[in-house]
Amino acid sequence: MKLFHTLIPTTLLTLAALAPQAALIDDMRKARDFAGRGQLEKVVELTANTDGTALEMYPRYWIISAQIDEMPESELNFFLERYAGSVLADRLRGEWLKSLGKRGQWTLFEREWPRLIQWEAGSELHCYRLQLAQQRNDVRLLQREGRPLWFSARGRSDACAPIFEALFDSGSLRQDDVWARIRLALEANSPDFAAQLLPRLNNPAGLDRERLQAIAANPAKGSKGLALNSRGGREAALFAINRAGRTNAAAGLVLLQQLGGDLPEAERRYAWSRLGYHAARQLRPEALDYYARGLSLKELDDESRDWLVRSALRAGDWKQVAAAIDAMPAEEQKEAAWRYWRARAHAQAGQVPEANRRYVELAGEHHFYGLLAREELGAIAEVPQVGYKPSAAELQAVRQIPSVERALALNDLEWRTEALREWNWGMRGLSDHQLLAAAEVARQSRWYDRAIYSAERTRELHDFGLRFLAPYRDVTQVYARQIDLDEAWVYGLIRQESRFVTVAKSSVGAQGLMQLMPATASWVAKKMGMRDYTPAAVNEIGTNVQLGTYYLKHVLQSLGDQPVMATAAYNAGPGRARNWRADHALEGAIYAESIPFSETRDYVKKVMANAIYYAQAFGRGETSLKKRLGTIPGRASNDLAIEDGTP
């Protein structure tokens, strides 16, 4: 059954005023569930009284979106005009454009595309846009945007297939580009996708799906009898070396020594670079030797070059640090991490004026590297004084921004995904004053993660009291002090873990303010002697903080009172934190920089920087980031406790 907007009242009668608020909320929740099950008649029945409310567009969106392919143009235009500028209008326009692209309705597509606000490069929608360019014979756009989409280690949307066919037909893509993509797929350990590309090469000798699957299962066994006189056989050999090295660089080295003699120099150098990358991520000291036998710094891909820098940092090879950073593309060199480490390399080379120039540029930025740069200049970070507080009128003006109004209403409904989407949409283009007003509105609503989100977006005017909120301090302070745990560090960790969302639950099941895994929470509760503990209790603020702080203290003590290692352990486990040490003592900042997991690496840097700002705000705790990071003892040190089964 087709249900169009005529079945939903379209007058601005504020019928919601006639319905009790609780009943309206209950009806909206039920309607959302029915929409998810495709029972649109029920949606219409339950939401007739939403007209004139902040959320009236939601049931209309559910109904239209569910019928996007059959929906008359007039109905779509009605919605898009009535709710112009809203996040749902933009989402619906994107869905309509996909539908138009599938059906080849290019005139309408061309009209609507410029009105779309958000879309992702490489997406299905992007490829429909390029299909339009193909229809309009816009060869330059097709080549400029279409060709880069080919070089992906994963498959693209079916909408991209006609674009690639056109590029092959025109000669913009060639067989060498197919080989390049196969190599990308195999680097990413995607042999099945690589096999899908083989028909474009007329199923080359020496390389087939069965061979790739055999190598993926057992690189040493699967690489037996390769036809290294064929390109396909050589790519299979490179995959075997790469696949073995991914797990254990030493195993990859064995295969390279067995197969490398029959590889051309360029392919052999490529294999050495891949082993260098894997060894660097495994924190092996021989990584730099492997890199030295591989591709030039300019030939390396960005990620391999990044890990060359990290390996050089761990080895104390500052010349290599400088050379690798200088070989990065200009945009990558602008990243704070590489600006800081390049400054350090200048300082190590005695180029103090250039080092200080770079430190000064970084020191005004509010993050891990900005704090370190300030200390290199001899200054300890201080929280800037707030020079602005929004007035009541300014707060009210923000509340009346339609997206903010809807976000607050959705948050009351506990529709977190929709609420976040609306809030973030509403922050686009706001001035610093408006962003701080929005942050204060969120704080007053106890929507702490959005308060932080908005406060962090300011460019020149800052309020660190909003950036570094400290709710629930009456609870946290008690438990931190009971076990002599640094409260600023605890807050730095909570801010990164949950942004103070008490019901936060991660994709892997971590829960509450301190994001405790159920097994960890049970282990801690048992260790603390909490006889009445039940799994549901982990979501209670007091219990969560009590368990989380105890666990953090326990991990800290088991790791020789090294906060940076304990922070890494809280995210990735104590065993990994221990294994990430070097054979020699290591500067804490370099330990953090070379953590193999990108999530944990970013996490540690943010938690440690957060702790500095909280220490300043609380007026207690260490305010030197370098001192907090400390020096990490080598693996042979007896300073660290033996592992005791801590989860």
# chains A, B, ... in the order shown; residues from 1 in each chain; ligands from 1
>>> select_by_dssp(residues="region 214-454 of chain A", states="alpha helix (DSSP H)", output="NGL selection string")
:A and (214-217 or 219-222 or 231-247 or 249-259 or 265-281 or 287-292 or 302-315 or 318-326 or 330-333 or 336-348 or 352-363 or 368-376 or 392-399 or 402-412 or 416-426 or 432-444 or 448-454)
>>> atom_distance(atom1="CA of Phe164 (chain A)", atom2="CA of Glu187 (chain A)")
21.7 Å
>>> closest_residue(among="A:Tyr128, A:Tyr359, A:Trp318, A:Trp580", to="Gln105 (chain A)", atoms="only C-alpha atoms")
A:Tyr128
>>> closest_residue(among="A:Leu238, A:Ala48, A:Ala409, A:Ile494", to="Leu226 (chain A)", atoms="only C-alpha atoms")
A:Leu238
>>> residues_around(residues="region 61-63 of chain A", least_positions_apart="6", cutoff="12 Å", atoms="only C-alpha atoms", output="VMD selection string")
chain A and resid 1 to 8 28 31 to 45 47 55 69 to 71 75 to 76 78 to 80 82 to 83 86 to 93 95 to 96
>>> residues_around(residues="Pro633 (chain A)", least_positions_apart="5", cutoff="7 Å", atoms="only C-alpha atoms", output="list in words")
His584, Ala585 and Leu586 of chain A
>>> write_last_selection(atoms="C-alpha atoms", output="PDB file, in the first residue's frame")
ATOM      1  CA  HIS A 584      65.816   0.119  26.232  1.00  0.00           C
ATOM      2  CA  ALA A 585      64.252   2.965  28.208  1.00  0.00           C
ATOM      3  CA  LEU A 586      61.941   5.036  26.037  1.00  0.00           C
TER       4      LEU A 586
END
>>> closest_residue(among="A:Ser296, A:Leu283, A:Ala251, A:Ala407", to="Tyr270 (chain A)", atoms="only C-alpha atoms")
A:Ser296
>>> residues_around(residues="Thr646 (chain A)", least_positions_apart="6", cutoff="10 Å", atoms="only C-alpha atoms", output="number ranges by chain")
A: 520, 523-524, 551, 554-555, 558, 573-575
>>> write_last_selection(atoms="N, CA and C atoms", output="CSV table (one decimal), in the first residue's frame")
chain,number,residue,atom,x,y,z
A,520,THR,N,35.4,-7.6,32.9
A,520,THR,CA,36.4,-6.8,33.7
A,520,THR,C,35.7,-6.4,35.0
A,523,TRP,N,35.3,-9.2,37.4
A,523,TRP,CA,36.6,-9.5,37.9
A,523,TRP,C,37.0,-8.5,39.0
A,524,VAL,N,36.7,-7.2,38.8
A,524,VAL,CA,37.1,-6.2,39.8
A,524,VAL,C,36.2,-6.4,41.0
A,551,TYR,N,40.1,-0.5,39.2
A,551,TYR,CA,40.8,-1.2,38.1
A,551,TYR,C,42.0,-0.4,37.6
A,554,HIS,N,44.8,-0.5,40.0
A,554,HIS,CA,45.4,-1.8,40.0
A,554,HIS,C,46.3,-2.0,38.8
A,555,VAL,N,45.9,-1.5,37.6
A,555,VAL,CA,46.7,-1.6,36.4
A,555,VAL,C,47.9,-0.7,36.6
A,558,SER,N,50.5,-2.4,38.7
A,558,SER,CA,51.0,-3.5,38.1
A,558,SER,C,52.0,-3.1,37.0
A,573,GLY,N,44.6,-3.5,27.1
A,573,GLY,CA,45.0,-4.6,27.9
A,573,GLY,C,46.4,-4.5,28.4
A,574,PRO,N,46.7,-4.9,29.7
A,574,PRO,CA,48.0,-4.8,30.3
A,574,PRO,C,49.1,-5.6,29.5
A,575,GLY,N,48.7,-6.7,29.0
A,575,GLY,CA,49.7,-7.5,28.2
A,575,GLY,C,50.3,-6.7,27.0
>>> residues_around(residues="Asp449 (chain A)", least_positions_apart="6", cutoff="9 Å", atoms="only C-alpha atoms", output="PyMOL selection string")
chain A and resi 442-443+495+498-501
>>> residues_around(residues="Leu362 (chain A)", least_positions_apart="6", cutoff="8 Å", atoms="only C-alpha atoms", output="list of chain:residue names")
A:Ala336, A:Arg339, A:Tyr340, A:Tyr369, A:Gly370, A:Ala373, A:Arg374
>>> closest_residue(among="A:Ala121, A:Leu149, A:Leu430, A:Leu413", to="Asp177 (chain A)", atoms="only C-alpha atoms")
A:Leu149
>>> atom_distance(atom1="CA of Gly509 (chain A)", atom2="CA of Glu497 (chain A)")
12.7 Å
